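Asker: Input structure: coords_10.txt, which contains compact mmCIF, C-alpha atoms.
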```
# COMPACT_ATOMS: atom_id res chain seq x y z
CA MET H 59 27.92 -4.26 -13.86
CA TYR H 60 24.54 -3.79 -15.58
CA ALA H 61 25.31 -6.69 -17.92
CA LEU H 62 26.20 -8.87 -14.94
CA TYR H 63 23.01 -7.85 -13.11
CA THR H 64 20.87 -8.58 -16.18
CA THR H 65 22.53 -11.96 -16.68
CA VAL H 66 22.12 -12.97 -13.05
CA LEU H 67 18.45 -11.87 -13.05
CA ALA H 68 17.71 -13.73 -16.28
CA VAL H 69 19.47 -16.91 -15.16
CA GLY H 70 17.70 -16.72 -11.80
CA LEU H 71 14.32 -16.49 -13.53
CA LEU H 72 15.14 -19.46 -15.77
CA LEU H 73 16.31 -21.60 -12.85
CA THR H 74 13.19 -20.81 -10.85
CA LEU H 75 10.84 -21.22 -13.83
CA PRO H 76 9.38 -24.55 -12.58
CA TYR H 77 8.54 -22.88 -9.26
CA TRP H 78 6.79 -19.96 -10.96
CA LEU H 79 4.93 -22.26 -13.36
CA ALA H 80 3.63 -24.21 -10.37
CA ARG H 81 2.55 -21.00 -8.64
CA MET H 82 0.81 -19.79 -11.80
CA ALA H 83 -1.04 -23.09 -12.03
CA ARG H 84 -2.27 -22.74 -8.44
CA HIS H 85 -2.89 -19.00 -8.13
CA ALA H 86 -4.52 -16.68 -10.66
CA LYS H 87 -2.66 -13.70 -9.23
CA ASN H 88 0.64 -15.13 -10.52
CA ARG H 89 -0.78 -15.45 -14.04
CA ALA H 90 -2.30 -11.99 -14.16
CA GLY H 91 -0.49 -9.63 -16.50
CA LEU H 92 2.14 -12.21 -17.47
CA TRP H 93 2.51 -11.12 -21.09
CA ALA H 94 2.48 -7.46 -20.10
CA ARG H 95 5.31 -8.12 -17.64
CA LEU H 96 7.26 -9.76 -20.47
CA GLY H 97 7.03 -6.65 -22.64
CA ARG H 98 3.73 -6.92 -24.52
CA VAL H 99 2.38 -3.38 -24.25
CA PRO H 100 -1.42 -3.30 -23.73
CA PRO H 101 -3.39 -1.77 -26.62
CA HIS H 102 -4.62 1.14 -24.50
CA LEU H 103 -1.01 2.34 -24.19
CA GLN H 104 -0.06 1.97 -27.84
CA SER H 105 -1.29 5.42 -28.86
CA VAL H 106 -0.82 7.96 -26.12
CA ASN H 107 -0.30 11.65 -25.53
CA PRO H 108 3.29 12.50 -26.51
CA ARG H 109 3.74 14.00 -23.03
CA VAL H 110 3.60 11.18 -20.50
CA ILE H 111 4.20 10.96 -16.75
CA TRP H 112 4.70 7.38 -15.61
CA VAL H 113 3.99 6.64 -11.94
CA HIS H 114 4.94 3.26 -10.48
CA ALA H 115 3.20 2.04 -7.30
CA VAL H 116 3.91 -1.55 -6.31
CA SER H 117 0.75 -2.64 -4.51
CA VAL H 118 -2.33 -1.46 -2.63
CA GLY H 119 -0.48 0.58 -0.03
CA GLU H 120 1.54 2.48 -2.60
CA VAL H 121 -1.51 3.03 -4.83
CA MET H 122 -3.35 4.56 -1.89
CA ALA H 123 -0.32 6.69 -1.06
CA VAL H 124 -0.01 8.19 -4.57
CA SER H 125 -3.74 8.68 -5.18
CA ARG H 126 -3.78 12.37 -4.26
CA LEU H 127 -0.42 12.84 -5.97
CA VAL H 128 -1.77 11.48 -9.25
CA GLU H 129 -4.75 13.82 -8.99
CA GLY H 130 -2.37 16.71 -8.33
CA LEU H 131 -0.18 15.75 -11.29
CA ARG H 132 -3.16 15.82 -13.63
CA GLN H 133 -4.03 19.31 -12.42
CA SER H 134 -0.45 20.62 -12.41
CA PHE H 135 0.48 19.12 -15.80
CA PRO H 136 -2.73 19.31 -17.86
CA GLY H 137 -0.82 18.74 -21.08
CA HIS H 138 0.43 15.36 -19.89
CA ARG H 139 -1.16 11.96 -19.63
CA VAL H 140 -0.50 10.31 -16.27
CA VAL H 141 -0.26 6.51 -16.38
CA VAL H 142 0.25 4.18 -13.42
CA SER H 143 1.94 0.78 -13.22
CA THR H 144 1.69 -1.76 -10.41
CA THR H 145 3.34 -5.08 -9.65
CA THR H 146 0.63 -6.98 -7.76
CA LEU H 147 -2.85 -8.06 -8.85
CA THR H 148 -4.50 -6.33 -5.90
CA GLY H 149 -2.60 -3.13 -6.67
CA GLN H 150 -3.69 -3.38 -10.31
CA GLN H 151 -7.35 -3.79 -9.39
CA LEU H 152 -7.33 -0.83 -7.01
CA ALA H 153 -5.39 1.35 -9.44
CA GLN H 154 -7.92 0.64 -12.18
CA LYS H 155 -10.70 1.80 -9.85
CA GLN H 156 -8.78 4.89 -8.78
CA PHE H 157 -7.27 6.05 -12.07
CA GLY H 158 -9.25 4.36 -14.85
CA ARG H 159 -8.49 1.08 -16.60
CA ASP H 160 -6.99 2.79 -19.66
CA ASN H 161 -4.35 4.50 -17.53
CA VAL H 162 -3.09 1.43 -15.65
CA PHE H 163 -0.76 -1.44 -16.58
CA TYR H 164 1.62 -4.02 -15.10
CA PHE H 165 5.22 -3.04 -14.44
CA PRO H 166 7.56 -4.99 -16.75
CA LEU H 167 10.28 -7.33 -15.59
CA ASP H 168 13.55 -5.46 -15.12
CA LEU H 169 15.07 -6.97 -18.24
CA PRO H 170 15.89 -4.85 -21.32
CA PHE H 171 13.68 -6.85 -23.71
CA ALA H 172 10.66 -6.27 -21.42
CA VAL H 173 11.36 -2.64 -20.53
CA ARG H 174 12.20 -1.37 -24.01
CA PRO H 175 8.69 -1.74 -25.54
CA TYR H 176 7.18 0.36 -22.75
CA LEU H 177 9.74 3.12 -23.20
CA ASP H 178 9.10 3.02 -26.97
CA ALA H 179 5.33 3.32 -26.44
CA LEU H 180 5.24 5.80 -23.56
CA GLN H 181 8.41 7.86 -24.06
CA PRO H 182 7.90 9.25 -20.55
CA GLN H 183 9.18 12.70 -19.76
CA LEU H 184 8.90 11.98 -16.04
CA LEU H 185 9.16 8.64 -14.24
CA ILE H 186 7.94 8.69 -10.63
CA VAL H 187 8.64 5.64 -8.49
CA ALA H 188 7.01 5.24 -5.07
CA GLU H 189 9.15 4.25 -2.07
CA THR H 190 12.18 2.01 -2.78
CA GLU H 191 11.74 0.32 -6.14
CA PHE H 192 15.33 0.68 -7.37
CA TRP H 193 15.08 -1.35 -10.58
CA PRO H 194 18.47 -0.81 -12.26
CA ASN H 195 17.53 -1.41 -15.89
CA VAL H 196 14.31 0.61 -15.72
CA LEU H 197 16.14 3.55 -14.17
CA ARG H 198 19.13 3.35 -16.52
CA MET H 199 17.11 2.93 -19.72
CA SER H 200 14.60 5.64 -18.77
CA LYS H 201 17.44 8.04 -18.04
CA ALA H 202 19.05 7.22 -21.38
CA ARG H 203 15.77 8.17 -23.10
CA GLY H 204 15.84 11.59 -21.46
CA ALA H 205 13.25 11.03 -18.73
CA ARG H 206 13.49 12.84 -15.42
CA ILE H 207 13.38 10.30 -12.59
CA VAL H 208 12.05 10.91 -9.09
CA ILE H 209 11.68 8.55 -6.14
CA VAL H 210 8.76 9.83 -4.05
CA ASN H 211 7.86 8.79 -0.51
CA ALA H 212 11.36 7.31 -0.41
CA ARG H 213 12.24 5.14 2.54
CA ILE H 214 14.97 2.71 3.52
CA SER H 215 13.54 0.21 5.97
CA ASP H 216 15.46 -1.38 8.83
CA ARG H 217 15.06 -4.71 7.07
CA SER H 218 16.45 -3.61 3.69
CA LEU H 219 19.30 -1.38 4.92
CA PRO H 220 21.83 -4.19 5.63
CA GLY H 221 21.31 -5.66 2.16
CA TYR H 222 21.73 -2.28 0.47
CA ARG H 223 24.93 -1.68 2.44
CA ARG H 224 26.40 -4.92 1.08
CA VAL H 225 26.00 -3.70 -2.52
CA ARG H 226 26.60 -0.02 -1.77
CA ARG H 227 29.31 0.54 -4.41
CA TRP H 228 27.09 -0.68 -7.23
CA LEU H 229 23.89 0.77 -5.79
CA ALA H 230 25.52 4.22 -5.76
CA ARG H 231 25.88 3.95 -9.56
CA VAL H 232 22.21 3.00 -9.89
CA LEU H 233 21.13 5.93 -7.72
CA GLN H 234 23.02 8.35 -9.98
CA ASN H 235 20.23 7.88 -12.53
CA VAL H 236 17.72 9.48 -10.13
CA ASP H 237 17.27 13.24 -10.42
CA LEU H 238 15.46 13.69 -7.12
CA PHE H 239 14.71 11.69 -3.98
CA LEU H 240 11.78 12.92 -1.87
CA THR H 241 11.99 11.11 1.45
CA GLN H 242 9.53 10.41 4.24
CA THR H 243 11.87 11.31 7.10
CA TRP H 244 15.29 12.76 7.89
CA GLU H 245 16.46 9.28 8.80
CA ASP H 246 15.53 8.05 5.32
CA ARG H 247 17.44 10.99 3.83
CA HIS H 248 20.51 10.13 5.91
CA ARG H 249 20.37 6.48 4.82
CA LEU H 250 20.05 7.34 1.13
CA VAL H 251 23.05 9.65 1.27
CA GLU H 252 24.99 6.94 3.10
CA LEU H 253 24.14 4.53 0.26
CA GLY H 254 25.46 6.89 -2.39
CA ALA H 255 22.69 9.32 -3.33
CA GLU H 256 23.99 12.83 -3.95
CA ALA H 257 22.98 14.95 -0.94
CA THR H 258 21.80 17.88 -3.09
CA ARG H 259 19.29 15.58 -4.77
CA VAL H 260 17.63 14.37 -1.55
CA GLU H 261 14.81 16.36 0.08
CA VAL H 262 12.49 15.55 2.98
CA THR H 263 8.87 16.10 1.96
CA GLY H 264 7.03 13.83 4.40
CA ASN H 265 5.01 10.66 4.13
CA LEU H 266 2.41 10.50 1.36
CA LYS H 267 0.59 7.77 3.25
CA PHE H 268 -0.69 10.45 5.62
CA GLU H 269 -2.47 11.94 2.61
CA ILE H 270 -5.39 9.55 2.53
CA ALA H 271 -7.60 10.07 -0.52
CA LEU H 272 -10.68 7.93 0.05
CA GLN H 273 -13.24 7.85 -2.74
CA ASP H 274 -16.96 7.76 -2.06
CA PRO H 275 -17.53 4.78 0.23
CA PRO H 276 -18.63 1.59 -1.54
CA ALA H 277 -22.23 0.47 -1.12
CA ILE H 278 -21.17 -2.23 1.33
CA VAL H 279 -20.57 0.40 4.03
CA ALA H 280 -24.18 1.62 4.08
CA GLN H 281 -25.50 -1.92 3.62
CA LEU H 282 -23.53 -3.36 6.51
CA ARG H 283 -24.29 -0.39 8.75
CA GLN H 284 -28.01 -0.90 8.09
CA SER H 285 -27.71 -4.62 8.75
CA LEU H 286 -25.90 -4.07 12.05
CA GLN H 287 -28.55 -1.61 13.17
CA GLU H 288 -31.41 -3.94 12.29
CA ALA H 289 -29.80 -6.87 14.10
CA GLY H 290 -28.51 -4.87 17.05
CA GLY H 291 -25.01 -5.97 16.11
CA GLY H 292 -22.06 -4.53 17.97
CA PRO H 293 -19.56 -3.60 19.15
CA VAL H 294 -17.63 -4.00 15.89
CA LEU H 295 -14.00 -5.11 15.81
CA VAL H 296 -12.43 -4.58 12.37
CA CYS H 297 -9.31 -6.70 11.88
CA GLY H 298 -7.63 -5.54 8.68
CA SER H 299 -4.84 -6.97 6.52
CA THR H 300 -4.38 -10.10 8.61
CA LEU H 301 -1.73 -12.69 7.75
CA GLU H 302 -1.35 -16.42 8.26
CA GLY H 303 -1.00 -17.19 11.95
CA GLU H 304 -2.95 -14.14 13.08
CA GLU H 305 -6.54 -15.22 12.43
CA THR H 306 -6.39 -18.01 15.00
CA LEU H 307 -5.11 -15.59 17.66
CA LEU H 308 -7.72 -12.98 16.77
CA LEU H 309 -10.59 -15.46 16.76
CA SER H 310 -9.52 -16.78 20.16
CA ALA H 311 -9.66 -13.21 21.47
CA PHE H 312 -13.01 -12.65 19.77
CA ARG H 313 -14.48 -15.70 21.45
CA ASN H 314 -13.71 -14.06 24.80
CA ILE H 315 -15.34 -10.85 23.60
CA LEU H 316 -18.50 -12.73 22.54
CA ALA H 317 -18.83 -14.08 26.08
CA SER H 318 -19.38 -10.53 27.33
CA HIS H 319 -20.86 -9.04 24.14
CA PRO H 320 -22.91 -11.80 22.49
CA ARG H 321 -23.94 -9.58 19.55
CA ALA H 322 -20.40 -8.41 18.80
CA VAL H 323 -19.19 -8.56 15.20
CA MET H 324 -15.68 -9.05 13.86
CA VAL H 325 -15.02 -7.80 10.33
CA LEU H 326 -12.08 -9.99 9.30
CA ALA H 327 -10.11 -8.93 6.23
CA PRO H 328 -7.21 -11.23 5.22
CA ARG H 329 -4.42 -9.40 3.43
CA HIS H 330 -4.07 -11.82 0.52
CA PRO H 331 -7.04 -12.90 -1.65
CA GLU H 332 -5.70 -16.43 -2.14
CA ARG H 333 -6.27 -17.02 1.59
CA PHE H 334 -9.97 -16.12 1.61
CA ALA H 335 -11.10 -19.74 1.28
CA GLU H 336 -8.55 -20.89 3.86
CA VAL H 337 -9.85 -18.39 6.43
CA ALA H 338 -13.46 -19.35 5.67
CA SER H 339 -12.53 -22.98 6.37
CA LEU H 340 -10.92 -21.90 9.64
CA LEU H 341 -14.12 -20.13 10.70
CA GLN H 342 -16.13 -23.22 9.92
CA GLU H 343 -13.67 -25.47 11.74
CA LEU H 344 -13.78 -23.27 14.85
CA ASP H 345 -17.58 -23.24 14.69
CA PHE H 346 -18.04 -19.48 14.37
CA ARG H 347 -21.16 -18.02 12.88
CA TYR H 348 -19.93 -16.13 9.84
CA TRP H 349 -20.91 -14.37 6.65
CA ARG H 350 -18.79 -14.04 3.51
CA ARG H 351 -18.90 -10.69 1.77
CA SER H 352 -18.93 -12.42 -1.63
CA THR H 353 -22.15 -14.34 -0.87
CA TRP H 354 -23.81 -12.01 1.65
CA LYS H 355 -27.37 -10.97 0.72
CA ASP H 356 -27.95 -8.09 3.18
CA GLU H 357 -29.15 -10.43 5.92
CA PRO H 358 -28.78 -9.15 9.51
CA VAL H 359 -25.28 -9.46 10.98
CA ALA H 360 -24.73 -9.91 14.73
CA GLY H 361 -22.85 -12.26 17.00
CA GLY H 362 -20.30 -13.54 14.50
CA VAL H 363 -17.64 -12.85 11.91
CA PHE H 364 -18.09 -10.95 8.65
CA LEU H 365 -15.35 -12.26 6.32
CA LEU H 366 -14.33 -9.49 3.95
CA ASP H 367 -13.29 -11.56 0.93
CA SER H 368 -13.11 -8.58 -1.43
CA ILE H 369 -10.59 -6.01 -2.65
CA GLY H 370 -10.64 -2.26 -2.04
CA GLU H 371 -13.40 -2.10 0.60
CA LEU H 372 -11.48 -2.42 3.85
CA ALA H 373 -10.43 1.22 4.14
CA ALA H 374 -14.03 2.49 4.08
CA LEU H 375 -15.28 -0.24 6.44
CA TYR H 376 -13.04 1.06 9.22
CA ALA H 377 -15.74 3.73 9.54
CA LEU H 378 -17.97 1.09 11.18
CA ALA H 379 -15.39 -0.01 13.74
CA THR H 380 -15.66 0.42 17.47
CA VAL H 381 -12.05 -0.77 17.68
CA ALA H 382 -9.60 -1.63 14.89
CA PHE H 383 -6.75 -4.11 14.81
CA VAL H 384 -4.22 -3.70 11.97
CA GLY H 385 -2.62 -6.97 10.96
CA GLY H 386 0.78 -8.23 9.96
CA SER H 387 1.90 -7.20 13.43
CA LEU H 388 1.15 -10.18 15.69
CA VAL H 389 3.50 -12.24 13.53
CA PRO H 390 6.99 -11.08 12.47
CA LYS H 391 5.99 -9.59 9.12
CA GLY H 392 6.51 -5.89 9.82
CA GLY H 393 2.91 -4.71 10.11
CA HIS H 394 0.65 -2.67 7.84
CA ASN H 395 -0.53 0.91 7.56
CA ILE H 396 -2.53 2.19 10.54
CA LEU H 397 -3.64 5.46 8.98
CA GLU H 398 -6.95 4.33 7.49
CA PRO H 399 -8.64 3.67 10.86
CA ALA H 400 -7.06 6.88 12.18
CA TYR H 401 -8.87 8.79 9.43
CA TYR H 402 -12.17 7.76 11.06
CA ALA H 403 -10.94 8.40 14.63
CA VAL H 404 -11.16 4.69 15.40
CA PRO H 405 -8.98 3.46 18.31
CA ILE H 406 -6.12 1.36 16.91
CA ILE H 407 -4.46 -1.78 18.25
CA VAL H 408 -1.38 -3.39 16.69
CA GLY H 409 0.99 -6.19 17.62
CA ASN H 410 4.67 -5.89 18.43
CA HIS H 411 5.94 -6.30 14.85
CA THR H 412 5.58 -2.92 13.12
CA GLU H 413 9.02 -2.47 11.52
CA ASN H 414 7.61 -1.68 8.07
CA PHE H 415 5.88 1.40 9.48
CA ARG H 416 8.30 2.23 12.27
CA ASP H 417 8.07 6.01 11.91
CA ILE H 418 4.28 6.15 11.70
CA VAL H 419 3.80 3.82 14.65
CA TRP H 420 6.45 5.67 16.67
CA LEU H 421 4.68 8.96 16.02
CA PHE H 422 1.34 7.53 17.12
CA GLN H 423 2.91 5.86 20.13
CA THR H 424 4.57 9.04 21.37
CA ASN H 425 1.20 10.78 21.13
CA GLN H 426 -0.58 7.95 22.97
CA ALA H 427 -2.65 7.30 19.86
CA VAL H 428 -2.14 3.53 19.44
CA ARG H 429 -2.07 0.47 21.69
CA ILE H 430 0.73 -2.04 21.06
CA VAL H 431 0.08 -5.53 22.42
CA GLY H 432 1.29 -9.10 22.38
CA PRO H 433 -1.06 -12.01 21.60
CA ALA H 434 -1.82 -12.64 25.27
CA GLU H 435 -2.70 -8.99 25.92
CA LEU H 436 -4.94 -8.54 22.89
CA PRO H 437 -8.29 -9.68 24.32
CA LEU H 438 -7.65 -7.81 27.58
CA VAL H 439 -6.91 -4.53 25.79
CA VAL H 440 -9.95 -4.87 23.52
CA MET H 441 -12.20 -5.57 26.50
CA GLU H 442 -10.69 -2.64 28.38
CA LEU H 443 -11.45 -0.26 25.52
CA LEU H 444 -14.97 -1.60 25.07
CA ALA H 445 -15.61 -1.07 28.79
CA ASP H 446 -14.27 2.50 28.80
CA GLU H 447 -16.13 4.53 26.19
CA THR H 448 -14.30 7.73 27.12
CA GLU H 449 -10.82 6.25 26.63
CA CYS H 450 -11.98 4.48 23.49
CA ARG H 451 -13.22 7.75 22.00
CA GLU H 452 -10.18 9.77 23.11
CA LEU H 453 -7.71 7.19 21.78
CA GLY H 454 -9.37 7.35 18.39
CA GLU H 455 -9.46 11.14 18.39
CA ARG H 456 -5.77 11.36 19.27
CA GLY H 457 -5.07 9.16 16.27
CA ARG H 458 -7.03 11.44 13.95
CA GLN H 459 -5.21 14.49 15.30
CA VAL H 460 -1.82 12.85 14.66
CA LEU H 461 -2.91 12.09 11.10
CA ARG H 462 -4.05 15.66 10.49
CA SER H 463 -0.86 17.10 11.96
CA GLN H 464 1.25 15.34 9.34
CA MET H 465 -0.67 16.31 6.23
CA GLY H 466 0.98 18.39 3.51
CA ALA H 467 3.36 15.84 1.97
CA THR H 468 1.46 15.79 -1.32
CA ASP H 469 1.70 19.56 -1.75
CA ARG H 470 5.41 19.55 -0.93
CA THR H 471 6.00 16.66 -3.34
CA LEU H 472 4.09 18.39 -6.15
CA GLU H 473 6.03 21.60 -5.61
CA ALA H 474 9.34 19.72 -5.89
CA LEU H 475 8.12 17.99 -9.07
CA ARG H 476 7.02 21.30 -10.58
CA ARG H 477 10.46 22.80 -9.91
CA LEU H 478 12.14 19.83 -11.53
CA MET H 479 9.91 19.94 -14.61
CA GLU H 480 10.34 23.69 -15.01
CA ASP H 481 14.02 22.99 -15.53
CA SER H 482 13.14 20.61 -18.37
CA PRO H 483 12.80 22.51 -21.68
CA THR H 484 10.52 19.85 -23.18
CA ALA H 485 8.05 19.93 -20.32
CA SER H 486 8.00 23.41 -18.84
CA ALA H 487 5.46 24.76 -21.31
CA SER H 488 2.72 22.52 -19.92
CA VAL H 489 3.24 23.18 -16.22
CA THR H 490 0.39 24.92 -14.42
CA PRO H 491 1.56 26.91 -11.38
```
Could I get this file's structure written as structure tokens?
Answerer:
Amino acid sequence: MYALYTTVLAVGLLLTLPYWLARMARHAKNRAGLWARLGRVPPHLQSVNPRVIWVHAVSVGEVMAVSRLVEGLRQSFPGHRVVVSTTTLTGQQLAQKQFGRDNVFYFPLDLPFAVRPYLDALQPQLLIVAETEFWPNVLRMSKARGARIVIVNARISDRSLPGYRRVRRWLARVLQNVDLFLTQTWEDRHRLVELGAEATRVEVTGNLKFEIALQDPPAIVAQLRQSLQEAGGGPVLVCGSTLEGEETLLLSAFRNILASHPRAVMVLAPRHPERFAEVASLLQELDFRYWRRSTWKDEPVAGGVFLLDSIGELAALYALATVAFVGGSLVPKGGHNILEPAYYAVPIIVGNHTENFRDIVWLFQTNQAVRIVGPAELPLVVMELLADETECRELGERGRQVLRSQMGATDRTLEALRRLMEDSPTASASVTP
């Protein structure tokens, strides 16, 4: 079965090679880390501590989720080097900021020729994979080298469950390579067991994404706050992680807001960097006054749109928001994480499509800590919150209380990892209680 999987994956990559070459020609993000993905180990990983913990976090959301965990691993296993791999360019950039460039690399393609050099160089004693990255060859080959394997923050989404069920018999064999699954919810535990994970290896430890580990805010936060104050800018609507099809809807709503609040500011943060120029063109076409973060020179900001065409600054900028909208939810893309604005007690609005974060949104909804709207309702709800300072403040505070009530997943995850490593004769000597 593994040979068949490897063959199908390799043939699929060859058949789609023209497509990927075209994408690499158009977008730098598709070229980034190409040779590393194909098995060329970066020099900074060639000579490493013989005790290695390898953490894999796909993109920005997963990197944020494991940030406190990585810090805890370094404290709990001082004799180990903790290295982090990502799949996306944005995840790579954030991980380098969070964990240091020398500790970060691109995850290899799940083909033996690409995986083997990394296992030769790192010889990991523990492989930690965030969420649901079930790469068969990586898991099988790491297990064969003697690594303990843990899936942390494990979840099986509504969208992926039907596909997993179709390949359940083979997936069950892949899951046998995993020593421990640490799930977000009881529902995720139930789904993993249904798919073939051994029940004794599946524990519920909570959602690491509630464990927000924000670094010192970037300079842009103080600079933009000062600019807003000088210009009398406000209220501030921060629209984060927006996707294609959402900006037009949001800008239409913002035009209505400007009619009543002529010095209002929208901080607009598209999810994908390759769309920054496209959104800037849209702002120009719709005749909005706007500033681009990349070219902004601290001039006063009021009565327009601040286009956040940068990476890693959105989370901290939620601190400036009067109201926050979290994107990917007005269009059927499953939504994005709402916890960053909750950290700052900012009232949160999302669209109807939040399947990717169903449990988090459900928890907030049951505690009346989020507003869920359709495109037509969006401007009305924003205006309602801006007109009712008490409800605006209380909605944000309820969100922060929900966030605080769920903390502790990192500690529970670390405890489970310590127990697992204590059972490993090669690693137990370096575990700090």
Asker: One decimal, Å: what's the distance from CA of Pro405 (chain H) over to CA of Val381 (chain H), could you say?
Answerer: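 Pair CA of Pro405 (chain H) / CA of Val381 (chain H) returns 5.3 Å.
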Asker: At most 12 Å is the cut-off: for each residue in region 292-326 of chain H with any atom that close to an atom of region 270-286 of chain H, write down the nearest atom pair and the distance in Å rounded to one decimal, counting only C-alpha atoms, chain first then increasing number, as a tab-separated table.
Answerer:
```
residue	atom	partner	partner_atom	distance
H:Gly292	CA	H:Leu286	CA	7.1
H:Pro293	CA	H:Leu286	CA	9.5
H:Val294	CA	H:Leu286	CA	9.1
H:Arg321	CA	H:Leu286	CA	9.5
H:Ala322	CA	H:Leu286	CA	9.7
H:Val323	CA	H:Leu286	CA	8.7
H:Met324	CA	H:Leu286	CA	11.5
H:Val325	CA	H:Leu282	CA	10.3
```
Asker: Measuring between all atoms listed in the file, which one of H:Arg84, H:Arg217, H:Arg132, H:Arg329 shows the shortest distance to Leu372 (chain H)?
Answerer: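 Smallest distance to Leu372 (chain H) is found for H:Arg329.
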Asker: Name all residues at most 7 Å from region 115-123 of chain H (count only C-alpha atoms; drop same-chain ones fewer than 2 positions away) and give them as an NGL selection string.
Answerer: :H and (113 or 125 or 143-146 or 148-149 or 152-153 or 187-188 or 266-267 or 269-270)
Asker: Measure the distance from CA of Glu398 (chain H) to CA of Phe268 (chain H) in Å and round it to one decimal.
Answerer: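 Between CA of Glu398 (chain H) and CA of Phe268 (chain H) the gap works out to 9.0 Å.
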Asker: Per residue of region 304-341 of chain H within 9 Å of region 360-367 of chain H, note the shortest atom pair and the distance in Å to one decimal, counting all atoms listed in the file, and order the rows by chain and increasing residue number, as a Markdown table.
Answerer:
```
| residue | atom | partner | partner_atom | distance |
| --- | --- | --- | --- | --- |
| H:Leu309 | CA | H:Val363 | CA | 8.9 |
| H:Leu316 | CA | H:Gly361 | CA | 7.1 |
| H:His319 | CA | H:Gly361 | CA | 8.1 |
| H:Pro320 | CA | H:Gly361 | CA | 5.5 |
| H:Arg321 | CA | H:Gly361 | CA | 3.9 |
| H:Ala322 | CA | H:Gly361 | CA | 4.9 |
| H:Val323 | CA | H:Gly362 | CA | 5.1 |
| H:Met324 | CA | H:Val363 | CA | 4.7 |
| H:Val325 | CA | H:Phe364 | CA | 4.7 |
| H:Leu326 | CA | H:Leu365 | CA | 5.0 |
| H:Ala327 | CA | H:Leu366 | CA | 4.8 |
| H:Pro328 | CA | H:Leu366 | CA | 7.4 |
| H:Pro331 | CA | H:Asp367 | CA | 6.9 |
| H:Arg333 | CA | H:Asp367 | CA | 8.9 |
| H:Phe334 | CA | H:Asp367 | CA | 5.7 |
| H:Ala335 | CA | H:Asp367 | CA | 8.5 |
| H:Val337 | CA | H:Leu365 | CA | 8.2 |
| H:Ala338 | CA | H:Leu365 | CA | 7.4 |
| H:Leu341 | CA | H:Val363 | CA | 8.2 |
```
Asker: List the neighbours of Ala403 (chain H) out to 12 Å using all atoms listed in the file; skip same-chain residues closer than 2 positions along the sequence, and give me the result as JSON, numbers by chain.
Answerer: {"H": [376, 377, 378, 379, 380, 381, 382, 396, 397, 398, 399, 400, 401, 405, 406, 427, 428, 450, 451, 452, 453, 454, 455, 456, 457, 458, 459, 460, 461, 462]}
Asker: Measuring between all atoms listed in the file, which one of H:Phe239, H:Phe383, H:Trp93, H:Tyr60 shows the shortest distance to Leu169 (chain H)?
Answerer: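 Closest to Leu169 (chain H), using all atoms listed in the file: H:Tyr60.
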Asker: Would you please work out which residue, of H:Gln104, H:Thr448, H:Asn195, H:Ser310, is nearest to Asp345 (chain H) when using only C-alpha atoms?
Answerer: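 The closest residue to Asp345 (chain H) is H:Ser310.
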Asker: Give me, as a PDB file with C-alpha atoms, keeping the file's coordinate frame, all polymer residues having an atom no more than 7 Å from Arg139 (chain H), counting only C-alpha atoms and skipping those fewer than 2 positions away in the same chain.
Answerer:
```pdb
ATOM      1  CA  ASN H 107      -0.300  11.650 -25.530  1.00  0.00           C
ATOM      2  CA  ARG H 109       3.740  14.000 -23.030  1.00  0.00           C
ATOM      3  CA  VAL H 110       3.600  11.180 -20.500  1.00  0.00           C
ATOM      4  CA  ILE H 111       4.200  10.960 -16.750  1.00  0.00           C
ATOM      5  CA  GLY H 137      -0.820  18.740 -21.080  1.00  0.00           C
ATOM      6  CA  VAL H 141      -0.260   6.510 -16.380  1.00  0.00           C
TER       7      VAL H 141
END
```
Asker: How far is it from CA of Gly158 (chain H) to CA of Leu103 (chain H), in Å with one decimal?
Answerer: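 These two atoms are separated by 12.6 Å.
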Asker: Please list as a ChimeraX atom specification every residue within 8 Å of region 174-176 of chain H, counting all atoms listed in the file and excluding residues in the same chain fewer than 6 positions away.
Answerer: /H:97-99,199
Asker: Which is closest to Ala68 (chain H) among H:Phe346, H:Phe171, H:Trp244, H:Phe312, if we use all atoms listed in the file?
Answerer: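 Nearest candidate to Ala68 (chain H) out of H:Phe346, H:Phe171, H:Trp244, H:Phe312: H:Phe171.
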Asker: For Thr263 (chain H), find every residue with an atom within 8 Å (counting all atoms listed in the file), except residues of its own chain fewer than 6 positions away, and show them as a VMD selection string.
Answerer: chain H and resid 211 240 to 243 467 470 to 471
Asker: Writing C-alpha atoms and nothing else, produce region 205-217 of chain H as a short mmCIF file (atom, residue, chain, number, x, y, z; two decimals), in the first residue's frame.
Answerer:
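Contents of selection.cif, as written:
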```
data_model
loop_
_atom_site.label_atom_id
_atom_site.label_comp_id
_atom_site.auth_asym_id
_atom_site.auth_seq_id
_atom_site.Cartn_x
_atom_site.Cartn_y
_atom_site.Cartn_z
CA ALA H 205 11.16 8.28 16.73
CA ARG H 206 8.16 8.72 18.99
CA ILE H 207 5.33 10.34 17.02
CA VAL H 208 2.61 12.57 18.44
CA ILE H 209 -0.22 14.42 16.72
CA VAL H 210 -1.01 17.48 18.84
CA ASN H 211 -4.07 19.71 18.60
CA ALA H 212 -5.54 16.88 16.53
CA ARG H 213 -8.80 17.55 14.76
CA ILE H 214 -10.91 15.93 12.06
CA SER H 215 -12.91 18.63 10.32
CA ASP H 216 -16.40 18.19 8.90
CA ARG H 217 -14.92 18.74 5.45
#
```
